[in-house]
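Below is protein29.pdb, which holds PDB, C-alpha atoms.
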ATOM      1  CA  ALA C 882       8.109   1.374  45.813
ATOM      2  CA  THR C 883       9.182  -0.494  48.955
ATOM      3  CA  PRO C 884       7.951  -4.122  48.954
ATOM      4  CA  SER C 885       5.445  -4.967  51.660
ATOM      5  CA  PRO C 886       6.823  -7.262  54.368
ATOM      6  CA  GLN C 887       3.622  -9.327  54.039
ATOM      7  CA  VAL C 888       4.357 -10.338  50.437
ATOM      8  CA  PRO C 889       6.784 -13.194  51.263
ATOM      9  CA  SER C 890       4.210 -14.831  53.564
ATOM     10  CA  ILE C 891       1.440 -14.559  50.966
ATOM     11  CA  LEU C 892       3.272 -15.545  47.770
ATOM     12  CA  LYS C 893       4.665 -18.834  49.012
ATOM     13  CA  PRO C 894       6.448 -21.126  46.544
ATOM     14  CA  GLY C 895       4.113 -23.579  44.894
ATOM     15  CA  ILE C 896       0.934 -21.543  45.322
ATOM     16  CA  PHE C 897       1.263 -19.692  42.018
ATOM     17  CA  SER C 898       2.674 -20.950  38.735
ATOM     18  CA  SER C 899       3.433 -19.019  35.543
ATOM     19  CA  THR C 900       3.396 -20.012  31.906
ATOM     20  CA  LYS C 901       5.807 -18.529  29.399
ATOM     21  CA  ILE C 902       3.780 -17.188  26.490
ATOM     22  CA  PRO C 903       5.633 -16.492  23.229
ATOM     23  CA  ALA C 904       5.346 -12.985  21.770
ATOM     24  CA  ASP C 905       2.800 -12.419  19.024
ATOM     25  CA  ASP C 906       5.267 -10.478  16.889
ATOM     26  CA  CYS C 907       8.342 -11.626  15.010
ATOM     27  CA  LEU C 908      11.102 -10.049  12.975
ATOM     28  CA  VAL C 909      10.382 -10.273   9.259
ATOM     29  CA  GLY C 910      13.079  -7.926   7.980
ATOM     30  CA  THR C 911      15.223  -4.892   8.623
ATOM     31  CA  THR C 912      15.628  -1.587   6.805
ATOM     32  CA  SER C 913      17.908   1.438   6.996
ATOM     33  CA  THR C 914      16.520   4.885   7.783
ATOM     34  CA  ILE C 915      18.072   8.348   7.667
ATOM     35  CA  ASP C 916      19.773   9.941  10.664
ATOM     36  CA  ILE C 917      18.439  13.200  12.070
ATOM     37  CA  GLN C 918      19.360  15.627  14.826
ATOM     38  CA  ASP C 919      16.174  17.700  15.174
ATOM     39  CA  PRO C 920      12.550  16.593  14.584
ATOM     40  CA  GLN C 921      11.667  16.491  10.882
ATOM     41  CA  GLY C 922       8.045  15.394  10.944
ATOM     42  CA  ASP C 923       6.832  11.852  10.340
ATOM     43  CA  LEU C 924       9.640   9.799   8.800
ATOM     44  CA  VAL C 925       7.552   6.596   8.941
ATOM     45  CA  SER C 926       3.813   6.347   8.195
ATOM     46  CA  TRP C 927       1.311   3.526   7.623
ATOM     47  CA  SER C 928      -1.292   3.688   4.892
ATOM     48  CA  PRO C 929      -4.781   4.252   6.349
ATOM     49  CA  VAL C 930      -6.384   1.635   4.082
ATOM     50  CA  GLN C 931      -3.852  -1.088   3.255
ATOM     51  CA  ASN C 932      -0.827  -2.952   4.574
ATOM     52  CA  THR C 933       1.696  -0.486   3.198
ATOM     53  CA  ILE C 934       4.279   1.475   5.134
ATOM     54  CA  ALA C 935       6.224   4.465   3.816
ATOM     55  CA  TYR C 936       9.478   5.728   5.283
ATOM     56  CA  VAL C 937      12.532   7.856   4.482
ATOM     57  CA  ALA C 938      15.550   5.705   3.598
ATOM     58  CA  PRO C 939      19.141   6.807   2.862
ATOM     59  CA  ILE C 940      19.593   7.905  -0.744
ATOM     60  CA  ALA C 941      20.726   4.938  -2.803
ATOM     61  CA  GLY C 942      24.434   4.998  -3.598
ATOM     62  CA  ASN C 943      25.326   7.647  -1.018
ATOM     63  CA  SER C 944      27.623   6.877   1.905
ATOM     64  CA  TRP C 945      25.970   9.517   4.133
ATOM     65  CA  SER C 946      22.450   9.252   5.513
ATOM     66  CA  TRP C 947      21.823  12.579   7.245
ATOM     67  CA  TYR C 948      18.595  14.623   7.009
ATOM     68  CA  LEU C 949      17.525  13.718   3.449
ATOM     69  CA  GLY C 950      16.686  10.446   1.736
ATOM     70  CA  ASP C 951      14.500   8.535  -0.699
ATOM     71  CA  LEU C 952      10.850   7.640  -0.130
ATOM     72  CA  VAL C 953      10.376   3.879   0.174
ATOM     73  CA  THR C 954       7.098   1.960   0.404
ATOM     74  CA  ILE C 955       6.745  -1.671   1.471
ATOM     75  CA  SER C 956       3.452  -3.438   0.733
ATOM     76  CA  ASN C 957       2.401  -6.709   2.376
ATOM     77  CA  LEU C 958       5.921  -7.145   3.772
ATOM     78  CA  SER C 959       7.289  -8.010   0.338
ATOM     79  CA  LYS C 960       6.758  -5.461  -2.452
ATOM     80  CA  VAL C 961       9.329  -2.677  -2.116
ATOM     81  CA  GLN C 962       9.237   0.535  -4.163
ATOM     82  CA  THR C 963      11.807   3.356  -4.001
ATOM     83  CA  TYR C 964      10.990   6.881  -5.157
ATOM     84  CA  THR C 965      13.811   9.372  -5.691
ATOM     85  CA  VAL C 966      13.451  13.154  -5.709
ATOM     86  CA  SER C 967      15.370  14.460  -8.704
ATOM     87  CA  ASN C 968      18.085  16.911  -7.591
ATOM     88  CA  GLY C 969      16.876  16.760  -4.003
ATOM     89  CA  GLY C 970      15.799  14.522  -1.151
ATOM     90  CA  VAL C 971      12.853  13.655   1.075
ATOM     91  CA  PHE C 972      12.919  15.595   4.364
ATOM     92  CA  GLY C 973       9.869  14.302   6.239
ATOM     93  CA  ASP C 974       6.183  14.900   7.067
ATOM     94  CA  ILE C 975       5.038  11.762   5.239
ATOM     95  CA  THR C 976       1.238  12.093   5.140
ATOM     96  CA  TRP C 977      -1.183   9.733   3.358
ATOM     97  CA  SER C 978      -4.382  10.916   1.716
ATOM     98  CA  PRO C 979      -7.533   9.405   3.296
ATOM     99  CA  ASP C 980      -7.958   6.930   0.417
ATOM    100  CA  GLY C 981      -4.311   5.836   0.610
ATOM    101  CA  LYS C 982      -3.659   6.668  -3.051
ATOM    102  CA  THR C 983      -1.391   9.693  -2.545
ATOM    103  CA  ILE C 984       1.479  10.516  -0.207
ATOM    104  CA  ALA C 985       2.428  14.121   0.497
ATOM    105  CA  PHE C 986       5.780  14.976   2.039
ATOM    106  CA  ILE C 987       8.345  17.742   2.436
ATOM    107  CA  ALA C 988      11.475  17.679   0.268
ATOM    108  CA  ARG C 989      14.548  19.849  -0.045
ATOM    109  CA  ARG C 990      15.817  20.817  -3.474
ATOM    110  CA  PHE C 991      19.571  20.909  -4.026
ATOM    111  CA  GLY C 992      19.606  23.405  -6.886
ATOM    112  CA  ASP C 993      18.190  26.387  -4.987
ATOM    113  CA  ASP C 994      18.515  24.934  -1.445
ATOM    114  CA  THR C 995      14.789  25.393  -0.862
ATOM    115  CA  PHE C 996      12.095  23.308   0.823
ATOM    116  CA  THR C 997       9.026  22.276  -1.128
ATOM    117  CA  ALA C 998       6.000  20.012  -0.737
ATOM    118  CA  MET C 999       5.600  17.047  -3.068
ATOM    119  CA  ALA C1000       2.902  14.491  -3.831
ATOM    120  CA  LEU C1001       3.360  10.881  -4.940
ATOM    121  CA  GLN C1002       0.568   9.063  -6.764
ATOM    122  CA  ILE C1003       0.958   5.455  -5.595
ATOM    123  CA  ASP C1004      -0.714   3.740  -8.574
ATOM    124  CA  SER C1005       1.253   5.542 -11.290
ATOM    125  CA  GLY C1006       4.413   6.421  -9.363
ATOM    126  CA  GLN C1007       4.085  10.032 -10.543
ATOM    127  CA  LEU C1008       5.941  12.483  -8.305
ATOM    128  CA  THR C1009       4.799  16.125  -8.427
ATOM    129  CA  ASP C1010       6.472  19.211  -6.975
ATOM    130  CA  LEU C1011       3.562  21.222  -5.542
ATOM    131  CA  PHE C1012       5.684  24.391  -5.318
ATOM    132  CA  PRO C1013       7.672  24.309  -8.565
ATOM    133  CA  GLY C1014      10.348  26.869  -9.371
ATOM    134  CA  LYS C1015      10.092  30.187  -7.586
ATOM    135  CA  GLU C1016       6.730  29.279  -6.028
ATOM    136  CA  ALA C1017       8.710  27.487  -3.320
ATOM    137  CA  HIS C1018      10.543  30.704  -2.348
ATOM    138  CA  THR C1019       8.219  31.873   0.396
ATOM    139  CA  ASP C1020      10.931  33.612   2.449
ATOM    140  CA  SER C1021      14.437  34.935   1.824
ATOM    141  CA  LEU C1022      16.174  31.833   3.253
ATOM    142  CA  THR C1023      15.361  28.156   2.654
ATOM    143  CA  SER C1024      11.561  28.559   2.898
ATOM    144  CA  PRO C1025      10.779  25.645   5.282
ATOM    145  CA  LYS C1026       7.356  24.034   4.997
ATOM    146  CA  GLY C1027       5.181  21.471   6.748
ATOM    147  CA  ILE C1028       2.262  19.239   5.783
ATOM    148  CA  VAL C1029      -0.625  20.120   8.099
ATOM    149  CA  ASN C1030      -3.269  17.627   6.923
ATOM    150  CA  TRP C1031      -5.329  16.389   3.994
ATOM    151  CA  ILE C1032      -8.734  18.056   3.629
ATOM    152  CA  ASP C1033      -9.985  15.321   1.284
ATOM    153  CA  ASN C1034      -8.420  12.956  -1.255
ATOM    154  CA  THR C1035      -7.191  15.750  -3.534
ATOM    155  CA  ASP C1036      -6.582  18.845  -1.368
ATOM    156  CA  LEU C1037      -4.161  19.315   1.513
ATOM    157  CA  VAL C1038      -2.980  22.162   3.742
ATOM    158  CA  VAL C1039       0.679  23.170   3.666
ATOM    159  CA  SER C1040       2.284  25.525   6.170
ATOM    160  CA  THR C1041       4.844  27.813   4.547
ATOM    161  CA  SER C1042       7.379  30.145   6.107
ATOM    162  CA  CYS C1043       7.302  33.896   5.579
ATOM    163  CA  ASP C1044      10.210  36.146   6.520
ATOM    164  CA  GLY C1045      10.607  36.739  10.246
ATOM    165  CA  ASP C1046       8.123  35.248  12.708
ATOM    166  CA  CYS C1047       5.584  34.525   9.995
ATOM    167  CA  ALA C1048       3.810  31.461   8.604
ATOM    168  CA  GLN C1049       1.078  31.126   5.999
ATOM    169  CA  LEU C1050      -1.340  28.213   5.525
ATOM    170  CA  ILE C1051      -1.932  27.292   1.880
ATOM    171  CA  ARG C1052      -4.573  24.951   0.459
ATOM    172  CA  VAL C1053      -3.012  22.960  -2.389
ATOM    173  CA  ASN C1054      -4.682  20.663  -4.908
ATOM    174  CA  ALA C1055      -2.382  17.670  -5.417
ATOM    175  CA  VAL C1056      -3.902  16.913  -8.841
ATOM    176  CA  ASN C1057      -3.652  20.228 -10.670
ATOM    177  CA  GLY C1058      -1.385  22.186  -8.316
ATOM    178  CA  SER C1059      -3.848  25.032  -7.746
ATOM    179  CA  LYS C1060      -3.406  27.013  -4.528
ATOM    180  CA  GLU C1061      -5.367  29.383  -2.335
ATOM    181  CA  ALA C1062      -4.883  30.906   1.098
ATOM    182  CA  TYR C1063      -6.236  28.674   3.854
ATOM    183  CA  SER C1064      -5.701  31.144   6.682
ATOM    184  CA  SER C1065      -7.065  34.675   6.668
ATOM    185  CA  GLY C1066      -3.506  35.984   6.605
ATOM    186  CA  PRO C1067      -0.018  35.375   7.966
ATOM    187  CA  ILE C1068       0.219  33.944  11.477
ATOM    188  CA  ARG C1069       3.065  33.811  13.969
ATOM    189  CA  LYS C1070       5.173  30.691  13.615
ATOM    190  CA  LYS C1071       4.655  29.805  17.261
ATOM    191  CA  ASP C1072       0.895  29.757  16.612
ATOM    192  CA  ASP C1073       1.247  27.455  13.608
ATOM    193  CA  GLN C1074      -1.047  24.493  14.308
ATOM    194  CA  ASP C1075       0.886  22.141  12.029
ATOM    195  CA  ARG C1076       0.214  18.724  13.615
ATOM    196  CA  LYS C1077       3.565  17.409  12.481
ATOM    197  CA  SER C1078       6.973  17.871  14.070
ATOM    198  CA  THR C1079       8.242  19.904  11.124
ATOM    199  CA  ARG C1080       8.043  23.277  12.786
ATOM    200  CA  LEU C1081       8.822  26.381  10.810
ATOM    201  CA  ASN C1082      11.720  27.505  12.936
ATOM    202  CA  SER C1083      15.325  28.565  12.530
ATOM    203  CA  SER C1084      16.648  25.018  12.898
ATOM    204  CA  HIS C1085      15.089  24.136   9.529
ATOM    205  CA  ALA C1086      16.279  27.316   7.866
ATOM    206  CA  ASN C1087      19.991  26.772   8.418
TER
END

Serialized structure, C-alpha cells:
Amino acid sequence: ATPSPQVPSILKPGIFSSTKIPADDCLVGTTSTIDIQDPQGDLVSWSPVQNTIAYVAPIAGNSWSWYLGDLVTISNLSKVQTYTVSNGGVFGDITWSPDGKTIAFIARRFGDDTFTAMALQIDSGQLTDLFPGKEAHTDSLTSPKGIVNWIDNTDLVVSTSCDGDCAQLIRVNAVNGSKEAYSSGPIRKKDDQDRKSTRLNSSHAN
C-alpha cells in the first residue's frame, strides 16, 4: 500500500515511544527430521492430553534420511524415546488416540515393499502391525494407506488402496487387530475423506 502523505505530519518524533518486549518462547533444543518430497501425512504431532510430542526422525545409524524414519517421542522437553520398526520405517500420519495412550501411524515394510498401519502403546512400548503379513496387500502394488481418525480409544479408521481408482475404509481395533468395513464399499480415491495428507495416489505407490 502507498503511505498516506499525512502520516509524517501526524507521527512526529517524540509523540510516540515503543518498548522492546522479549519473545515468550526460547530455544530448548534441536532435533533432526526426515526429508520428504511429497506430502506424507503428519510427521509431527502433539499428544492431546500431555506435554509429549511425536515425530519421524532419521533411522538411527543410517546416513540417508529420505521418506522413512524412526518414531521418536519427547515428554516434558527431556524424556526421549525412540521406537524402531523392524525391517521397515515410519512413513507418516502420526495420529494420537483421544486418551493419548496409543499412537497410530503408517509404515513401509522393506521385506515385501508394502505399506501398513501400526499402533504404538505408549506405556508398554509395544508396537503392533495392524495389517500383518498378506493382510497389508490390498492392491497389486505397494498398497498405500492412510490413518483417517480414531473413533474412540481402541478403534480407528484406516484408508486402504484397492487396484485402480479405488479406496476402502477399514475399522481396525488397535488392541486385538480385528477389522470390519467402515464404508459401504469401495470408493474412488479422489473421494477419500482421509483428513491427513497421505493421499492414496500414484506418488505413494512408486

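From atom CA of C:Thr933 back to atom CA of C:Ala1017, the distance works out to 29.6 Å.
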
Counting only C-alpha atoms, what is within 9 Å of stretch 946-956 of chain C, bar same-chain residues fewer than 4 positions away, as a PyMOL selection string? chain C and resi 914-918+921+931-941+960-966+969-973+975+988-989

Go ahead and dump the residues you just picked, C-alpha atoms, as an mmCIF file, in the coordinates of the input.
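Resulting contents of part_7.cif:
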data_model
loop_
_atom_site.group_PDB
_atom_site.id
_atom_site.type_symbol
_atom_site.label_atom_id
_atom_site.label_comp_id
_atom_site.auth_asym_id
_atom_site.auth_seq_id
_atom_site.Cartn_x
_atom_site.Cartn_y
_atom_site.Cartn_z
ATOM 1 C CA THR C 914 16.520 4.885 7.783
ATOM 2 C CA ILE C 915 18.072 8.348 7.667
ATOM 3 C CA ASP C 916 19.773 9.941 10.664
ATOM 4 C CA ILE C 917 18.439 13.200 12.070
ATOM 5 C CA GLN C 918 19.360 15.627 14.826
ATOM 6 C CA GLN C 921 11.667 16.491 10.882
ATOM 7 C CA GLN C 931 -3.852 -1.088 3.255
ATOM 8 C CA ASN C 932 -0.827 -2.952 4.574
ATOM 9 C CA THR C 933 1.696 -0.486 3.198
ATOM 10 C CA ILE C 934 4.279 1.475 5.134
ATOM 11 C CA ALA C 935 6.224 4.465 3.816
ATOM 12 C CA TYR C 936 9.478 5.728 5.283
ATOM 13 C CA VAL C 937 12.532 7.856 4.482
ATOM 14 C CA ALA C 938 15.550 5.705 3.598
ATOM 15 C CA PRO C 939 19.141 6.807 2.862
ATOM 16 C CA ILE C 940 19.593 7.905 -0.744
ATOM 17 C CA ALA C 941 20.726 4.938 -2.803
ATOM 18 C CA LYS C 960 6.758 -5.461 -2.452
ATOM 19 C CA VAL C 961 9.329 -2.677 -2.116
ATOM 20 C CA GLN C 962 9.237 0.535 -4.163
ATOM 21 C CA THR C 963 11.807 3.356 -4.001
ATOM 22 C CA TYR C 964 10.990 6.881 -5.157
ATOM 23 C CA THR C 965 13.811 9.372 -5.691
ATOM 24 C CA VAL C 966 13.451 13.154 -5.709
ATOM 25 C CA GLY C 969 16.876 16.760 -4.003
ATOM 26 C CA GLY C 970 15.799 14.522 -1.151
ATOM 27 C CA VAL C 971 12.853 13.655 1.075
ATOM 28 C CA PHE C 972 12.919 15.595 4.364
ATOM 29 C CA GLY C 973 9.869 14.302 6.239
ATOM 30 C CA ILE C 975 5.038 11.762 5.239
ATOM 31 C CA ALA C 988 11.475 17.679 0.268
ATOM 32 C CA ARG C 989 14.548 19.849 -0.045
#

Would you pick out the contacts of C:Phe996 at 9 Å or less, using only C-alpha atoms, so that residues sharing its chain but fewer than 2 positions from it are not included, and give the list as a PyMOL selection string? chain C and resi 972+987-990+993-994+998+1012+1017-1018+1023-1026

Can you write out the residues you just picked, keeping C-alpha atoms, as a PDB file, in the coordinates of the input?
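Heads up, here's the output in part-v5.pdb:
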ATOM      1  CA  PHE C 972      12.919  15.595   4.364  1.00  0.00           C
ATOM      2  CA  ILE C 987       8.345  17.742   2.436  1.00  0.00           C
ATOM      3  CA  ALA C 988      11.475  17.679   0.268  1.00  0.00           C
ATOM      4  CA  ARG C 989      14.548  19.849  -0.045  1.00  0.00           C
ATOM      5  CA  ARG C 990      15.817  20.817  -3.474  1.00  0.00           C
ATOM      6  CA  ASP C 993      18.190  26.387  -4.987  1.00  0.00           C
ATOM      7  CA  ASP C 994      18.515  24.934  -1.445  1.00  0.00           C
ATOM      8  CA  ALA C 998       6.000  20.012  -0.737  1.00  0.00           C
ATOM      9  CA  PHE C1012       5.684  24.391  -5.318  1.00  0.00           C
ATOM     10  CA  ALA C1017       8.710  27.487  -3.320  1.00  0.00           C
ATOM     11  CA  HIS C1018      10.543  30.704  -2.348  1.00  0.00           C
ATOM     12  CA  THR C1023      15.361  28.156   2.654  1.00  0.00           C
ATOM     13  CA  SER C1024      11.561  28.559   2.898  1.00  0.00           C
ATOM     14  CA  PRO C1025      10.779  25.645   5.282  1.00  0.00           C
ATOM     15  CA  LYS C1026       7.356  24.034   4.997  1.00  0.00           C
TER      16      LYS C1026
END

For stretch 1050-1060 of chain C, please output as a VMD selection string all residues within 12 Å (counting only C-alpha atoms; exclusion window: fewer than 3 positions along the same chain). chain C and resid 977 to 978 982 to 986 998 to 1002 1007 to 1013 1016 to 1017 1019 1026 to 1043 1047 1063 to 1070 1072 to 1075 1081

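Proximity of C:Val925, C:Gly1045, C:Phe991, C:Pro903 to C:Ser967, computed with all atoms listed in the file, is greatest for C:Phe991.
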
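Interatomic distance, atom CA of C:Gly1006 to atom CA of C:Val909: 25.7 Å.
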
Separating atom CA of C:Gly1014 from atom CA of C:Thr997, to the nearest tenth of an Å, is a gap of 9.5 Å

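If all atoms listed in the file are the atoms counted, then among C:Asn957, C:Thr995, C:Thr976, C:Asp1004 the closest residue to C:Asp923 is C:Thr976.
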